[in-house]
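The structure appears right after this line, and notes come after that.
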Amino acid sequence: MNPYELKNKIVDRSAHISVIGQGYIGLPLSLLLADSGFSVIGYDVDSKLIEELSNGITRLRNEKKVRDLLLKHLGSRYFPSNDQRKLKGSDVIIVAVPTPRVNGTIELGMLMDAIKLASSTINRGGLIVVESTLPPKTFEILLIEIGKAGLKPGEDVFVSYCPERAMPGKLIDELISNYRVIGAKDPISAELSKILYECFVKGEIEITDPLTAEIAKLVENAYRDVNIAFANEVARICEVLGSDVRKVRELVNKHPRVNMLLPGIGVGGSCLTKDPLFLSWISRENGYSPELINIARELNESMPIHYVNLIDDFLRWKNSGSEIVCVLGVTYKGDVADTRESPAKYLIGELMGRGYRVKVHDPIVKESFGARFYDRLEEAVKDADAIVIVSDHSEFKQMDLGRVRELVGRDPVLLLDGRLIIDKEKAEASGFIYISVGNLSSLRRIKDEVFAFSETISKVPL
Ligand code: SAJ
């Protein structure tokens, strides 16, 4: 097959496409390609996942459009499989497997396996596109791996890097509308990839070299992480000065050139927690250690523990004897069925490590990180001495605070709003001692009334 033939096959949708990895990106991507007219094999090593998909079940429960497209194309244009032989004869193979951080290092094993599989099954003259996030300079290593399979990149096979940038919660919409970067070493790989993505992408498609594409992808997430860290820093400043970060943020964001993000109890998800570190690591390896990115990461990682310290102080003051903490939400953000690197994991682990009984409720996922899980909010809050909101789920935004306060059945009870979703006046009118990220004024009042607080609270000025 020459590039001209492949181009025509893409344009007339007769190209056989396979997508390796049917997770957060691979599945919606496969379905969008199917929706634009291609026949797509969705391959994954996880046979249970493939069985679920074959029965029309997706783990991306909060992505309604993914479910709709799965039911629309399953068995007609979309074929989930864990049989590697099905990939044989693919004209295009897209690699969308995870490249996670494991024990402080970057795990590239799944990626290398996927590249080997793609190289051994792609048609001569076909196109391999990598969507998985790559640490800079990895694309070069992938080309060497493809070469080892006897294929010369840019001649026998065309290869590009097209990093995903869709946000969980709105994957289909973002895969369609976001701009895309294509990194390629030769113009044919770039051109074929562009034609492929134009089949469903409405955003701008930019072509660049692979290293620039690798860096750009990581910089986007490092930028967001640093900006959230800035918001968290301001929140911590407001806490010690006795102010309210919500009001401060509202005011500063009226400035035409300021856009302060939302502070919170922690930054989770698989991307923001690792991509800045990939960037920092590769830069350090090459002679420059980026302090700002590292400090931002450390500050964001410290947030859950900071709030455990506050709960600890409150409960030691309360000294009720039983000390039950209710954690509302375990996902890394609201209305998304994803617990990867959720701050809840660290918060719960720390609370349990300090001997508290932890009750957990989440309306979307049944995960509790070792604590006791409750299907019903009403059960979870019962007898709690402190309630912590970790995920900004719609259910928590709409909670009837008076009813929750009644159900708790204890006094006093602390409500710690880790996502700034509860109205302070309403919470206090319902009888809670309400504190939030960036506003600890209620604890200051308690400190007025009572005596000794340990270190964290005693830093709050009176
Ligand atoms: N968060 C805050 N304050 C904010 C915004 C977010 O504390 O103002 C927290 C969230 O609660 C969450 C974490 O940050 O715990 C990450 O959430 P997110 O919505 O910022 O990002 P992700 O991880 O869901 O998706 C990001 C996106 N990257 C950017 O916006 C630059 C997405 O576009 C990428 O596709 C995705 O990473 C990825 O896969 O790389």
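Identifiers in the structure tokens: chain A, B, ... in order shown; residue index from 1 per chain; ligand index from 1 in order shown.
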
Query - Residues within 9 Å of ligand 1, counting only C-alpha atoms and all ligand atoms, as an NGL selection string - result: :A and (24-25 or 133 or 163-169 or 171 or 174-175 or 178 or 217-225 or 227-229 or 231-232 or 260-273 or 275 or 300 or 331-334 or 336 or 341-343 or 390-392 or 419)

Query raised in the report: Which residues, written as a PyMOL selection string, have at least one atom at most 12 Å from range 43-48 of chain A, with only C-alpha atoms counted and residues fewer than 6 positions away on the same chain left out?
Result: chain A and resi 17-23+26-27+30+54-55+57-59+78-88+90+93-98+110+113-114+117-118

Keeping only C-alpha atoms, write those residues as a short mmCIF file (atom, residue, chain, number, x, y, z; two decimals), in the first residue's frame.
data_model
loop_
_atom_site.label_atom_id
_atom_site.label_comp_id
_atom_site.auth_asym_id
_atom_site.auth_seq_id
_atom_site.Cartn_x
_atom_site.Cartn_y
_atom_site.Cartn_z
CA ILE A 17 -8.57 0.65 12.09
CA SER A 18 -7.51 -0.95 15.36
CA VAL A 19 -7.14 0.82 18.69
CA ILE A 20 -4.89 -0.76 21.32
CA GLY A 21 -6.20 0.08 24.80
CA GLN A 22 -9.92 0.47 25.50
CA GLY A 23 -9.75 2.71 28.54
CA GLY A 26 -9.07 4.37 23.56
CA LEU A 27 -12.75 3.51 23.92
CA SER A 30 -12.68 3.94 18.79
CA SER A 54 -19.11 -6.95 24.11
CA ASN A 55 -22.22 -6.92 26.29
CA ILE A 57 -21.38 -2.27 29.26
CA THR A 58 -18.86 0.54 29.75
CA ARG A 59 -16.90 1.35 32.90
CA TYR A 78 -17.15 -1.39 16.62
CA PHE A 79 -15.70 -4.79 17.57
CA PRO A 80 -14.12 -5.18 21.03
CA SER A 81 -11.58 -7.98 21.20
CA ASN A 82 -8.68 -9.32 23.21
CA ASP A 83 -7.49 -11.55 20.39
CA GLN A 84 -4.25 -10.11 18.99
CA ARG A 85 -4.79 -11.93 15.68
CA LYS A 86 -7.71 -9.61 14.94
CA LEU A 87 -5.27 -6.74 14.53
CA LYS A 88 -3.51 -8.44 11.64
CA SER A 90 -4.82 -3.15 10.10
CA ILE A 93 -3.34 1.32 14.54
CA ILE A 94 -3.79 3.81 17.35
CA VAL A 95 -2.04 3.17 20.67
CA ALA A 96 -3.94 4.46 23.72
CA VAL A 97 -2.53 2.54 26.68
CA PRO A 98 -1.62 4.06 30.06
CA MET A 110 2.39 -1.41 28.43
CA ASP A 113 4.14 -4.07 24.38
CA ALA A 114 1.55 -2.13 22.42
CA LEU A 117 2.00 -5.60 18.79
CA ALA A 118 1.26 -2.73 16.39
#

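Shell of range 65-76 of chain A at 7 Å, with only C-alpha atoms counted and residues fewer than 4 places along the chain excluded, is Pro28, Leu31, Ala34, Gly56, Thr58 and Ile172 of chain A.
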
Query raised in the report: Near Thr212 in chain A, within 10 Å and counting only C-alpha atoms, which residues show up once chain neighbours fewer than 3 positions away are dropped, as a PyMOL selection string?
Result: chain A and resi 136-137+181-184+207-209+215-217

**Report entry** range 10-259 of chain A: residues DSSP assigns to strand (DSSP E), reported as a PyMOL selection string
**Finding:** chain A and resi 16-20+39-43+78-81+90-95+101-102+105-106+122-130+158-161+180-183+205-208

**Report entry** For Gly402 in chain A: contacts at 12 Å, only C-alpha atoms, fewer than 4 positions along chain excluded, given as a VMD selection string
**Finding:** chain A and resid 398 406 to 409 426 to 432

Report task. For range 104-109 of chain A, please output as a PyMOL selection string all residues within 9 Å (counting only C-alpha atoms; exclusion window: fewer than 5 positions along the same chain). Result -> chain A and resi 98-99+114+134-135+274+278

Expected file: the selected residues, all heavy atoms, as a PDB file, in the first residue's frame:
ATOM      1  N   PRO A  98      -2.139   3.157  29.025  1.00  0.00           N
ATOM      2  CA  PRO A  98      -1.622   4.061  30.062  1.00  0.00           C
ATOM      3  C   PRO A  98      -0.095   4.070  30.125  1.00  0.00           C
ATOM      4  O   PRO A  98       0.549   3.063  29.807  1.00  0.00           O
ATOM      5  CB  PRO A  98      -2.189   3.477  31.370  1.00  0.00           C
ATOM      6  CG  PRO A  98      -3.199   2.456  30.978  1.00  0.00           C
ATOM      7  CD  PRO A  98      -2.875   2.021  29.586  1.00  0.00           C
ATOM      8  N   THR A  99       0.448   5.221  30.529  1.00  0.00           N
ATOM      9  CA  THR A  99       1.885   5.322  30.838  1.00  0.00           C
ATOM     10  C   THR A  99       1.967   5.885  32.258  1.00  0.00           C
ATOM     11  O   THR A  99       2.322   7.049  32.454  1.00  0.00           O
ATOM     12  CB  THR A  99       2.609   6.253  29.845  1.00  0.00           C
ATOM     13  OG1 THR A  99       1.860   7.477  29.714  1.00  0.00           O
ATOM     14  CG2 THR A  99       2.753   5.624  28.477  1.00  0.00           C
ATOM     15  N   ALA A 114       2.522  -2.567  23.430  1.00  0.00           N
ATOM     16  CA  ALA A 114       1.548  -2.130  22.416  1.00  0.00           C
ATOM     17  C   ALA A 114       2.256  -1.802  21.100  1.00  0.00           C
ATOM     18  O   ALA A 114       1.754  -2.124  20.011  1.00  0.00           O
ATOM     19  CB  ALA A 114       0.780  -0.912  22.924  1.00  0.00           C
ATOM     20  N   LEU A 134       3.474  10.672  26.436  1.00  0.00           N
ATOM     21  CA  LEU A 134       4.873  10.219  26.387  1.00  0.00           C
ATOM     22  C   LEU A 134       5.778  11.186  27.136  1.00  0.00           C
ATOM     23  O   LEU A 134       5.676  12.403  26.938  1.00  0.00           O
ATOM     24  CB  LEU A 134       5.369  10.157  24.947  1.00  0.00           C
ATOM     25  CG  LEU A 134       4.649   9.237  23.963  1.00  0.00           C
ATOM     26  CD1 LEU A 134       5.338   9.309  22.594  1.00  0.00           C
ATOM     27  CD2 LEU A 134       4.644   7.800  24.462  1.00  0.00           C
ATOM     28  N   PRO A 135       6.694  10.674  27.941  1.00  0.00           N
ATOM     29  CA  PRO A 135       7.749  11.552  28.459  1.00  0.00           C
ATOM     30  C   PRO A 135       8.592  12.007  27.266  1.00  0.00           C
ATOM     31  O   PRO A 135       8.810  11.227  26.328  1.00  0.00           O
ATOM     32  CB  PRO A 135       8.570  10.629  29.367  1.00  0.00           C
ATOM     33  CG  PRO A 135       7.715   9.432  29.618  1.00  0.00           C
ATOM     34  CD  PRO A 135       6.816   9.294  28.432  1.00  0.00           C
ATOM     35  N   LYS A 274       0.943  13.262  37.457  1.00  0.00           N
ATOM     36  CA  LYS A 274       2.183  12.672  36.926  1.00  0.00           C
ATOM     37  C   LYS A 274       2.832  13.500  35.819  1.00  0.00           C
ATOM     38  O   LYS A 274       4.051  13.578  35.760  1.00  0.00           O
ATOM     39  CB  LYS A 274       1.935  11.240  36.438  1.00  0.00           C
ATOM     40  CG  LYS A 274       1.193  11.131  35.112  1.00  0.00           C
ATOM     41  CD  LYS A 274       1.128   9.692  34.627  1.00  0.00           C
ATOM     42  CE  LYS A 274       0.132   9.484  33.520  1.00  0.00           C
ATOM     43  NZ  LYS A 274       0.482  10.020  32.212  1.00  0.00           N
ATOM     44  N   PHE A 278       6.836  14.145  34.986  1.00  0.00           N
ATOM     45  CA  PHE A 278       7.541  13.660  33.786  1.00  0.00           C
ATOM     46  C   PHE A 278       8.400  14.788  33.213  1.00  0.00           C
ATOM     47  O   PHE A 278       9.559  14.601  32.842  1.00  0.00           O
ATOM     48  CB  PHE A 278       6.548  13.218  32.698  1.00  0.00           C
ATOM     49  CG  PHE A 278       5.887  11.878  32.937  1.00  0.00           C
ATOM     50  CD1 PHE A 278       6.065  11.183  34.112  1.00  0.00           C
ATOM     51  CD2 PHE A 278       5.088  11.313  31.957  1.00  0.00           C
ATOM     52  CE1 PHE A 278       5.464   9.953  34.330  1.00  0.00           C
ATOM     53  CE2 PHE A 278       4.483  10.078  32.156  1.00  0.00           C
ATOM     54  CZ  PHE A 278       4.673   9.402  33.345  1.00  0.00           C
TER      55      PHE A 278
END

Query raised in the report: Within 10 Å of Ser14 in chain A, counting only C-alpha atoms, which residues qualify if same-chain residues fewer than 3 places away don't, as a list in words?
Result: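 What passes the distance filter is Leu6, Asn8, Lys9, Ile10, Val11, Ile17, Gly37, Phe38, Ser39 and Asp91 of chain A.
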
Write a file of the selected residues as a PDB file, in the first residue's frame, keeping all heavy atoms.
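As a result, part_18.pdb now contains:
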ATOM      1  N   LEU A   6      -3.457   4.685   1.076  1.00  0.00           N
ATOM      2  CA  LEU A   6      -3.935   4.773   2.468  1.00  0.00           C
ATOM      3  C   LEU A   6      -4.786   6.031   2.647  1.00  0.00           C
ATOM      4  O   LEU A   6      -5.844   5.989   3.287  1.00  0.00           O
ATOM      5  CB  LEU A   6      -2.757   4.765   3.449  1.00  0.00           C
ATOM      6  CG  LEU A   6      -3.140   4.867   4.934  1.00  0.00           C
ATOM      7  CD1 LEU A   6      -4.139   3.789   5.341  1.00  0.00           C
ATOM      8  CD2 LEU A   6      -1.903   4.772   5.833  1.00  0.00           C
ATOM      9  N   ASN A   8      -6.623   7.498   0.447  1.00  0.00           N
ATOM     10  CA  ASN A   8      -7.951   7.251  -0.128  1.00  0.00           C
ATOM     11  C   ASN A   8      -8.790   6.338   0.756  1.00  0.00           C
ATOM     12  O   ASN A   8     -10.006   6.537   0.902  1.00  0.00           O
ATOM     13  CB  ASN A   8      -7.819   6.617  -1.516  1.00  0.00           C
ATOM     14  CG  ASN A   8      -7.415   7.670  -2.543  1.00  0.00           C
ATOM     15  OD1 ASN A   8      -7.578   8.865  -2.301  1.00  0.00           O
ATOM     16  ND2 ASN A   8      -6.860   7.231  -3.667  1.00  0.00           N
ATOM     17  N   LYS A   9      -8.111   5.336   1.357  1.00  0.00           N
ATOM     18  CA  LYS A   9      -8.855   4.416   2.233  1.00  0.00           C
ATOM     19  C   LYS A   9      -9.398   5.149   3.465  1.00  0.00           C
ATOM     20  O   LYS A   9     -10.452   4.801   3.987  1.00  0.00           O
ATOM     21  CB  LYS A   9      -7.933   3.271   2.694  1.00  0.00           C
ATOM     22  CG  LYS A   9      -7.732   2.184   1.649  1.00  0.00           C
ATOM     23  CD  LYS A   9      -6.759   1.151   2.204  1.00  0.00           C
ATOM     24  CE  LYS A   9      -7.288  -0.243   1.996  1.00  0.00           C
ATOM     25  NZ  LYS A   9      -6.472  -1.267   2.630  1.00  0.00           N
ATOM     26  N   ILE A  10      -8.616   6.139   3.933  1.00  0.00           N
ATOM     27  CA  ILE A  10      -9.104   6.908   5.091  1.00  0.00           C
ATOM     28  C   ILE A  10     -10.279   7.785   4.646  1.00  0.00           C
ATOM     29  O   ILE A  10     -11.329   7.824   5.286  1.00  0.00           O
ATOM     30  CB  ILE A  10      -7.977   7.775   5.716  1.00  0.00           C
ATOM     31  CG1 ILE A  10      -6.891   6.872   6.320  1.00  0.00           C
ATOM     32  CG2 ILE A  10      -8.540   8.704   6.791  1.00  0.00           C
ATOM     33  CD1 ILE A  10      -5.634   7.601   6.797  1.00  0.00           C
ATOM     34  N   VAL A  11     -10.092   8.432   3.508  1.00  0.00           N
ATOM     35  CA  VAL A  11     -11.138   9.346   3.030  1.00  0.00           C
ATOM     36  C   VAL A  11     -12.439   8.588   2.734  1.00  0.00           C
ATOM     37  O   VAL A  11     -13.534   9.033   3.101  1.00  0.00           O
ATOM     38  CB  VAL A  11     -10.644  10.125   1.785  1.00  0.00           C
ATOM     39  CG1 VAL A  11     -11.776  10.917   1.146  1.00  0.00           C
ATOM     40  CG2 VAL A  11      -9.505  11.061   2.180  1.00  0.00           C
ATOM     41  N   ILE A  17      -9.212  -0.032  10.952  1.00  0.00           N
ATOM     42  CA  ILE A  17      -8.565   0.652  12.088  1.00  0.00           C
ATOM     43  C   ILE A  17      -8.635  -0.221  13.341  1.00  0.00           C
ATOM     44  O   ILE A  17      -9.683  -0.822  13.623  1.00  0.00           O
ATOM     45  CB  ILE A  17      -9.235   2.016  12.361  1.00  0.00           C
ATOM     46  CG1 ILE A  17      -9.114   2.907  11.114  1.00  0.00           C
ATOM     47  CG2 ILE A  17      -8.616   2.692  13.583  1.00  0.00           C
ATOM     48  CD1 ILE A  17      -9.604   4.328  11.301  1.00  0.00           C
ATOM     49  N   GLY A  37     -17.635   6.336  10.396  1.00  0.00           N
ATOM     50  CA  GLY A  37     -17.798   5.433   9.248  1.00  0.00           C
ATOM     51  C   GLY A  37     -16.798   4.291   9.129  1.00  0.00           C
ATOM     52  O   GLY A  37     -16.924   3.442   8.237  1.00  0.00           O
ATOM     53  N   PHE A  38     -15.792   4.233  10.027  1.00  0.00           N
ATOM     54  CA  PHE A  38     -14.793   3.161   9.929  1.00  0.00           C
ATOM     55  C   PHE A  38     -15.263   1.896  10.650  1.00  0.00           C
ATOM     56  O   PHE A  38     -16.089   1.958  11.568  1.00  0.00           O
ATOM     57  CB  PHE A  38     -13.470   3.601  10.589  1.00  0.00           C
ATOM     58  CG  PHE A  38     -12.773   4.710   9.869  1.00  0.00           C
ATOM     59  CD1 PHE A  38     -12.852   6.023  10.329  1.00  0.00           C
ATOM     60  CD2 PHE A  38     -12.031   4.440   8.723  1.00  0.00           C
ATOM     61  CE1 PHE A  38     -12.202   7.053   9.665  1.00  0.00           C
ATOM     62  CE2 PHE A  38     -11.368   5.469   8.059  1.00  0.00           C
ATOM     63  CZ  PHE A  38     -11.458   6.778   8.531  1.00  0.00           C
ATOM     64  N   SER A  39     -14.655   0.795  10.245  1.00  0.00           N
ATOM     65  CA  SER A  39     -14.811  -0.440  10.995  1.00  0.00           C
ATOM     66  C   SER A  39     -13.618  -0.491  11.961  1.00  0.00           C
ATOM     67  O   SER A  39     -12.472  -0.396  11.539  1.00  0.00           O
ATOM     68  CB  SER A  39     -14.770  -1.612  10.012  1.00  0.00           C
ATOM     69  OG  SER A  39     -14.702  -2.807  10.720  1.00  0.00           O
ATOM     70  N   ASP A  91      -4.852  -1.187   8.680  1.00  0.00           N
ATOM     71  CA  ASP A  91      -4.236  -0.095   7.914  1.00  0.00           C
ATOM     72  C   ASP A  91      -3.771   1.009   8.849  1.00  0.00           C
ATOM     73  O   ASP A  91      -2.803   1.710   8.563  1.00  0.00           O
ATOM     74  CB  ASP A  91      -5.244   0.482   6.915  1.00  0.00           C
ATOM     75  CG  ASP A  91      -5.713  -0.576   5.927  1.00  0.00           C
ATOM     76  OD1 ASP A  91      -4.849  -1.248   5.334  1.00  0.00           O
ATOM     77  OD2 ASP A  91      -6.943  -0.736   5.771  1.00  0.00           O
TER      78      ASP A  91
END

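Shortest separation to Ser289 in chain A among A:Val40, A:Leu29, A:Ile144, A:Leu277 occurs at residue A:Leu277, atoms counted being only C-alpha atoms.
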
Report task. Would you mind reading off the distance between CA of Ile364 in chain A and CA of Asp335 in chain A, one decimal, in Å? Result -> 7.2 Å

**Report entry** Residue list (helix (DSSP H, G or I), DSSP) for range 143-176 of chain A, as a list in words
**Finding:**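 Selecting the helix (DSSP H, G or I) positions of range 143-176 of chain A gives Leu143, Ile144, Glu145, Ile146, Gly147, Lys148, Leu171, Ile172, Asp173, Glu174, Leu175 and Ile176 of chain A.
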
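Among the candidates A:Asn319, A:Tyr161, A:Val330, A:Arg444, the one nearest to Asp411 in chain A when counting only C-alpha atoms is A:Asn319.
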